[in-house]
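Q: Submitted below is the structure of interest, expressed as structure tokens.
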Amino acid sequence: MFYREAGDFKTSYIADSQTFPIKFDRYRYYVVLAVAFGIVPFLINDYWANALLLPFLIYAIAAIGLNILVGYCGQVSLGTGGFMAVGAYACYKLMTAFPDVSMFIHVILAGGITALVGVLFGLPSLRIKGFYLAVATLAAQFFLVWLFNRVPWFYNYSASGQINAPERDVFGIIITGPNAPAWATYLFCLVFLTVCAIIARNLTRGTIGRTWMAIRDMDIAAEIIGVNPLKAKLTAFAVSSFFVGISGALFFAVYLGAVEVGEVFGIQKSFLVLFMIIIGGLGSIFGSFAGAAFLVLLPVLLKLIGVDLLGWPTDIVAHLNLVIVGAMIIMFLILEPHGLAQLWRVAKEKLRLWPFPH
Amino acid sequence: MKKKMATLALGALMAAGPAMADLVFPSLSYRTGPYAAGGIPFADGYADYFTLLNERDGGIGGVPARVIECETGYNTEKGVECYESTKGEGALVYQPLSTGITYQLIPKVTADGIPLHTMGYGRTSAANGDVFSHVFNYPANYWNGASGAINYLLDENGGDLSGKTIALVYHNSAYGKEPIRTLETLAEKHGYDLTLLPVDHPGQEQKSQWLQIRREKPDYVIMWGWGVMNQVAVQEAANIRFPMENFIGVWWSGAEFDVEPAGDKATGYKALTFTGLGKDYPVYEDLQKYVVDAGKAAGAGDQLGSVQYNRGLYAAMLAAEAVKTAQEMHGTAEIDPSMMRDGMEALEMTNAKMEALGMAGFGPEFSVSCENHGGPGLVGVVQWDAAAGTWNSIQDFKPTDAEVINALIAEDSAAYAAENNIETRCN
């Protein structure tokens with residue numbers, strides 16, 4: 001009834017090609033932004049921030065990054081954990097070397113450094129494809145983790161080999177360290193997520209995004225019609241790693257505060273982010289959000305139901321959690337291989353026709 | 001997405017209702033994953049002791065104790081989630097049994113004013129209470145362990161280790177890296193050669209490390225392992241026929257389940273300890289009567305008397321004694337975390353006290369002070385006898401090289417204080 005194009009007249013090309021062509025979608029988008037920026041910061045407490053919202057926001061950035069590479073450009077990568085580690089360690093080195101610089105700049109620079117590393121490890125993608133590329137990026141994963149474990153310069157020669165985020169601020173408000181207020185850390189990550197999502201959305205709608213998708217759909221055909229595979233693949237690696245690096249920096253500095261590379265940025269992190277985009281939907285920005293929300297919130301939800309409401313033993317709930325999440329992943333892959341984003345798309349199609357479907 | 005959050009909000013509200021009427025002890029346990037073998041008995045012992053206090057004495061000072069268990073899987077992210085979800089319930093003290101989670105929690109608990117007790121693990125330099133106001137690691141820490149192992153080897157070799165080679169097989173994490181600095185300093189002092197052999201999480205892959213040991217034939221192997229890594233290491237050592245009596249594990253590598261898989265070949269394996277062994281203590285009669293026979297034992301109830309169960313029991317006992325100290329100090333039975341911190345800082349464990357608890361000689365005598373949160377660092381050595389299936393004590397609790405350790409603690413904690421702008425507080 002409300003959800004349709006009819007009556008929503010566009011009088012310019014810009015209006016015609018906007019991200020949300022349907023009025024209802026547009027307003028919903030503004031409402032979500034208003035709630036996220038205007039209401040949540042006043043209600044948030046430490047539990048909400050550290051257990052739910054920060055991991056969701058940060059994983060969403062990582063998922064957007066990986067989605068650009070895998071979903072839009074078709075280059076399978078298992079190196080996400082390693083690239084997140086690059087972001088985290090770059091951020092740590094910058095934070096300790098330049099304590100007076102704003103955290104915004106550190107995080108963005110950490111993303112930039114990760115982009116460079118990503119391009120370096122993206123070079124093999126010009127020669128190898130598919131599973132073989134996955135193996136090459138897997139090598140990047142193990143190499144990077146090994147490097148950060150092995151070379152003491154990266155962790156400033158600390159006895160434990162861990163990196164600890166010192167207290168740093170943005171415009172005088174503490175963002176990292178234990179005294180950072182929940183709303184500040186939340187808003188800091190939210191700003192990054194919003195900007196990343198807008199950039200990613202617009203990149204994928206423009207020339208660069210179209211070259212990525214051309215490469216993904218058929219690289220030989222793309223080359224014949226004039227897409228430069230070198231440029232397309234390497235930009236995909238650079239942009240993807242940039243986002244992943246930002247998420248790694250936030251993960252370390254804002255969310256965890258202390259990181260041990262082997263445990264936090266190991267291979268399981270690469271798989272987790274990959275599962276997020278597969279469940280959420282490959283080649284969809286909304287899918288990145290949905291997948292991150294699904295895999296971050298579901299275990300917490302199951303724990304709340306199992307342990308706190310039903311009073312089951314914690315180990316049974318932890319095991320059930322694995323079973324249920326695993327079963328749901330299989331179920332999704334069978335029932336909706338294109339992920340949560342496709343469900344959302346189908347729901348919107350149905351809504352448009354409602355209440356008079358043909 | 002919003003809808004999902006709304007349902008979550010409901011759940012979180014239900015979970016976060018404050019209940020100040022009892023003494024809350026969150027147990028960040030791990031009963032799943034590659035480290036569950038050590039996590040289960042520890043969590044059982046921790047929970048059972050508080051059950052015993054509730055059933056036998058009606059709580060501590062008349063206030064019942066409540067243990068909230070939260071599964072971390074030895075994973076730092078889940079540890080943070082557990083911390084955040086339990087701290088609102090009036091948590092008195094955190095004992096995560098994970099060095100990784102400890103590093104995560106040190107700044108958080110200090111900011112939130114909740115004490116953290118990392119008994120025999122965690123950040124060693126937290127023994128300096130001058131810098132780490134809310135962190136305690138009595139009665140012994142990793143550097144005591146490293147020095148204790150070297151002291152034991154010194155005794156074996158008539159006080160001279162020069163020219164000997166010692167290999168350290170360690171879990172490649174903050175936990176395993178802790179003793180390196182001490183062992184290196186001691187190597188300079190005593191003139192032995194140290195080889196470092198890291199094993200990556202979770203520790204099932206150790207072929208290359210033990211191949212290197214077979215090739216280089218070090219005189220002794222010291223191990224800093226946890227979870228499945230221990231069993232694999234003992235088995236690998238047996239496979240290359242490394243003499244077991246020259247193989248010493250830290251206290252987290254010295255439980256029954258670590259050596260049993262290797263069978264008879266594990267006989268002679270040694271481990272450090274800072275707690276008593278077995279069930280030969282009067283407290284076990286009460287445990288049997290009030291907890292096990294009443295069907296209130298935590299978990300499967302089959303861990304009583306095992307090494308890590310005793311550690312959990314000991315950790316709970318120290319927490320309960322700190323509560324009693326705090327109750328006396330502040331004259332109130334219902335204490336809050338800051339009073340608990342004062343109680344821990346004023347804790348005194350005497351033989352008479354432990355005997356009254358039915359745990360005579362279960363741990364060393366010690367007292368905590370503002371400057372010293374680490375206790376005396378007395379370390380014993382035990383040896384495995386596979387035929388009898390028991391650990392036998394071969395060295396009583398003995399002091400470690402305080403001179404070397406204190407210098408290292410002062411250095412490391414000063415670096416931490418400078419990094420985080422912490423002012424010393426004890427004068």
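Convention: chains lettered A, B, ... in structure tokens order; per-chain residue numbering from 1; ligands numbered from 1 as shown.
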Taking only C-alpha atoms into account, find every residue of chain B that has an atom no more than 6 Å from chain A, and write it out as an NGL selection string.
A: :B and (31 or 71 or 81 or 84-85 or 104 or 107-108 or 111 or 174 or 177-178)
Q: Residues of range 74-213 of chain A in alpha helix (DSSP H) according to DSSP, as a PyMOL selection string?
A: chain A and resi 80-97+103-122+130-150+182-205+207-213
Q: Can you pull out the residues contacting range 246-251 of chain B? Cut-off 6 Å, using only C-alpha atoms, and skip same-chain residues under 6 positions away; I want them as a PDB file with C-alpha atoms, in the first residue's frame.
A:
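Wrote it out as around.pdb, contents follow:
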ATOM      1  CA  TYR B 220      66.117 -30.706  30.053  1.00  0.00           C
ATOM      2  CA  VAL B 221      62.781 -29.694  28.591  1.00  0.00           C
ATOM      3  CA  ILE B 222      60.529 -27.231  30.390  1.00  0.00           C
ATOM      4  CA  MET B 223      56.954 -26.895  29.166  1.00  0.00           C
ATOM      5  CA  TRP B 224      54.425 -24.074  29.370  1.00  0.00           C
ATOM      6  CA  TYR B 269      57.203 -36.761  34.163  1.00  0.00           C
ATOM      7  CA  LYS B 270      57.495 -33.853  36.567  1.00  0.00           C
ATOM      8  CA  ALA B 271      55.399 -30.777  37.114  1.00  0.00           C
ATOM      9  CA  LEU B 272      55.431 -27.729  39.340  1.00  0.00           C
ATOM     10  CA  THR B 273      52.655 -27.032  41.795  1.00  0.00           C
TER      11      THR B 273
END
Q: Would you kindly return, as a list in words, each protein, DNA or RNA residue with an atom no farther than 12 Å from any atom of Val195 in chain A, considering only C-alpha atoms and excluding same-chain residues fewer than 4 positions away?
A: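 The contact residues come out as Leu33, Leu57, Ile61, Ile64, Ile108, Phe188, Cys189, Leu190, Val191, Ile199, Ala200, Arg201, Asn202, Phe243 and Ile246 of chain A.
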Q: With N, CA and C atoms retained, export the selected residues as a PDB file, in the first residue's frame.
A:
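Below is the file that was written, result_20.pdb:
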ATOM      1  N   LEU A  33      19.012   5.612  10.482  1.00  0.00           N
ATOM      2  CA  LEU A  33      20.149   6.469  10.805  1.00  0.00           C
ATOM      3  C   LEU A  33      19.859   7.330  12.024  1.00  0.00           C
ATOM      4  N   LEU A  57      28.949  -3.788  14.623  1.00  0.00           N
ATOM      5  CA  LEU A  57      29.384  -2.695  13.740  1.00  0.00           C
ATOM      6  C   LEU A  57      30.716  -3.041  13.076  1.00  0.00           C
ATOM      7  N   ILE A  61      31.704  -3.870   9.016  1.00  0.00           N
ATOM      8  CA  ILE A  61      32.710  -3.218   8.159  1.00  0.00           C
ATOM      9  C   ILE A  61      33.566  -4.284   7.470  1.00  0.00           C
ATOM     10  N   ILE A  64      31.581  -5.923   4.736  1.00  0.00           N
ATOM     11  CA  ILE A  64      31.471  -5.078   3.539  1.00  0.00           C
ATOM     12  C   ILE A  64      32.770  -5.183   2.737  1.00  0.00           C
ATOM     13  N   ILE A 108      42.151   5.506   9.880  1.00  0.00           N
ATOM     14  CA  ILE A 108      42.141   5.626   8.419  1.00  0.00           C
ATOM     15  C   ILE A 108      43.510   5.241   7.855  1.00  0.00           C
ATOM     16  N   PHE A 188      31.805   6.156  17.523  1.00  0.00           N
ATOM     17  CA  PHE A 188      33.035   6.137  16.731  1.00  0.00           C
ATOM     18  C   PHE A 188      32.959   5.040  15.667  1.00  0.00           C
ATOM     19  N   CYS A 189      32.556   3.840  16.090  1.00  0.00           N
ATOM     20  CA  CYS A 189      32.449   2.736  15.137  1.00  0.00           C
ATOM     21  C   CYS A 189      31.301   2.966  14.165  1.00  0.00           C
ATOM     22  N   LEU A 190      30.224   3.541  14.674  1.00  0.00           N
ATOM     23  CA  LEU A 190      29.063   3.765  13.804  1.00  0.00           C
ATOM     24  C   LEU A 190      29.411   4.734  12.680  1.00  0.00           C
ATOM     25  N   VAL A 191      30.157   5.785  13.016  1.00  0.00           N
ATOM     26  CA  VAL A 191      30.556   6.746  11.988  1.00  0.00           C
ATOM     27  C   VAL A 191      31.355   6.028  10.904  1.00  0.00           C
ATOM     28  N   ILE A 199      30.368   4.714   1.061  1.00  0.00           N
ATOM     29  CA  ILE A 199      31.425   4.643   0.036  1.00  0.00           C
ATOM     30  C   ILE A 199      31.278   3.354  -0.769  1.00  0.00           C
ATOM     31  N   ALA A 200      31.100   2.235  -0.059  1.00  0.00           N
ATOM     32  CA  ALA A 200      31.028   0.953  -0.757  1.00  0.00           C
ATOM     33  C   ALA A 200      29.841   0.921  -1.701  1.00  0.00           C
ATOM     34  N   ARG A 201      28.712   1.402  -1.216  1.00  0.00           N
ATOM     35  CA  ARG A 201      27.494   1.397  -2.032  1.00  0.00           C
ATOM     36  C   ARG A 201      27.714   2.206  -3.310  1.00  0.00           C
ATOM     37  N   ASN A 202      28.324   3.373  -3.152  1.00  0.00           N
ATOM     38  CA  ASN A 202      28.483   4.225  -4.332  1.00  0.00           C
ATOM     39  C   ASN A 202      29.593   3.736  -5.249  1.00  0.00           C
ATOM     40  N   PHE A 243      38.864  -1.493   3.905  1.00  0.00           N
ATOM     41  CA  PHE A 243      37.762  -1.663   4.859  1.00  0.00           C
ATOM     42  C   PHE A 243      38.112  -2.703   5.930  1.00  0.00           C
ATOM     43  N   ILE A 246      40.391  -1.214   8.428  1.00  0.00           N
ATOM     44  CA  ILE A 246      39.686  -0.344   9.377  1.00  0.00           C
ATOM     45  C   ILE A 246      38.999  -1.192  10.433  1.00  0.00           C
TER      46      ILE A 246
END
Q: Have a look at B:Lys189, B:Lys353, B:His134, B:Lys296 and name the one nearest to Gly159 in chain B; count only C-alpha atoms.
A: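 Checking each candidate against Gly159 in chain B, we get B:Lys189 as the closest.
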Q: Which residues are near Ala262 in chain B? Cut-off 10 Å, only C-alpha atoms, ignore same chain within fewer than 2 positions. Put them as JSON, numbers by chain.
A: {"B": [231, 232, 233, 234, 235, 236, 237, 238, 239, 257, 258, 259, 260, 264, 265, 266, 267, 386]}
Q: Just how far from CA of Gly209 in chain A is CA of Ser284 in chain A, in Å to one decimal?
A: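 Here the two named atoms are 11.9 Å from each other.
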Q: As a list of chain:residue names, please: every residue in range 127-172 of chain B that a backbone DSSP assignment puts in strand (DSSP E or B).
A: B:Asn128, B:Val135, B:Phe136, B:Thr165, B:Ile166, B:Ala167, B:Leu168, B:Val169, B:Tyr170, B:His171
Q: Can you pull out the residues contacting Tyr72 in chain A? Cut-off 8 Å, using only C-alpha atoms, and skip same-chain residues under 3 positions away; I want them as a list in words.
A: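 Counting only the stated atoms, we get Asn67, Ile68, Leu69, Thr204, Gly209, Trp212, Met213, Arg216, Leu282 and Gly283 of chain A.
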Q: Okay, now the selection with N, CA and C atoms, as an mmCIF file, in the first residue's frame?
A:
data_model
loop_
_atom_site.group_PDB
_atom_site.id
_atom_site.type_symbol
_atom_site.label_atom_id
_atom_site.label_comp_id
_atom_site.auth_asym_id
_atom_site.auth_seq_id
_atom_site.Cartn_x
_atom_site.Cartn_y
_atom_site.Cartn_z
ATOM 1 N N ASN A 67 32.991 -8.501 1.102
ATOM 2 C CA ASN A 67 31.960 -8.624 0.077
ATOM 3 C C ASN A 67 32.387 -7.936 -1.216
ATOM 4 N N ILE A 68 33.114 -6.849 -1.079
ATOM 5 C CA ILE A 68 33.603 -6.166 -2.280
ATOM 6 C C ILE A 68 34.512 -7.105 -3.061
ATOM 7 N N LEU A 69 35.379 -7.791 -2.338
ATOM 8 C CA LEU A 69 36.342 -8.653 -3.004
ATOM 9 C C LEU A 69 35.686 -9.931 -3.526
ATOM 10 N N THR A 204 30.224 0.585 -5.750
ATOM 11 C CA THR A 204 29.701 -0.557 -6.486
ATOM 12 C C THR A 204 28.665 -0.136 -7.515
ATOM 13 N N GLY A 209 32.791 -0.321 -9.708
ATOM 14 C CA GLY A 209 31.974 -1.463 -9.313
ATOM 15 C C GLY A 209 31.546 -2.288 -10.523
ATOM 16 N N TRP A 212 34.354 -4.393 -11.621
ATOM 17 C CA TRP A 212 34.501 -5.547 -10.720
ATOM 18 C C TRP A 212 33.515 -6.636 -11.102
ATOM 19 N N MET A 213 32.261 -6.210 -11.290
ATOM 20 C CA MET A 213 31.228 -7.215 -11.558
ATOM 21 C C MET A 213 31.442 -7.877 -12.914
ATOM 22 N N ARG A 216 33.955 -10.437 -12.314
ATOM 23 C CA ARG A 216 33.374 -11.542 -11.568
ATOM 24 C C ARG A 216 32.571 -12.452 -12.502
ATOM 25 N N LEU A 282 26.066 -12.667 -1.056
ATOM 26 C CA LEU A 282 27.224 -12.185 -1.793
ATOM 27 C C LEU A 282 26.793 -11.052 -2.713
ATOM 28 N N GLY A 283 27.633 -10.035 -2.807
ATOM 29 C CA GLY A 283 27.337 -8.936 -3.706
ATOM 30 C C GLY A 283 26.182 -8.081 -3.231
#
Q: Identify which of the residues A:Arg168, A:Gly287, A:Tyr186, A:Glu336 lies closest to Ile105 in chain A, counting only C-alpha atoms when measuring atom-to-atom distances.
A: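 Among the listed residues, the smallest separation from Ile105 in chain A belongs to A:Arg168.
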Q: What's the 12 Å shell around Ala139 in chain A, counting only C-alpha atoms, without same-chain residues fewer than 4 positions away, as a PyMOL selection string?
A: chain A and resi 77-83+121-122+124+132-135+143-147+267
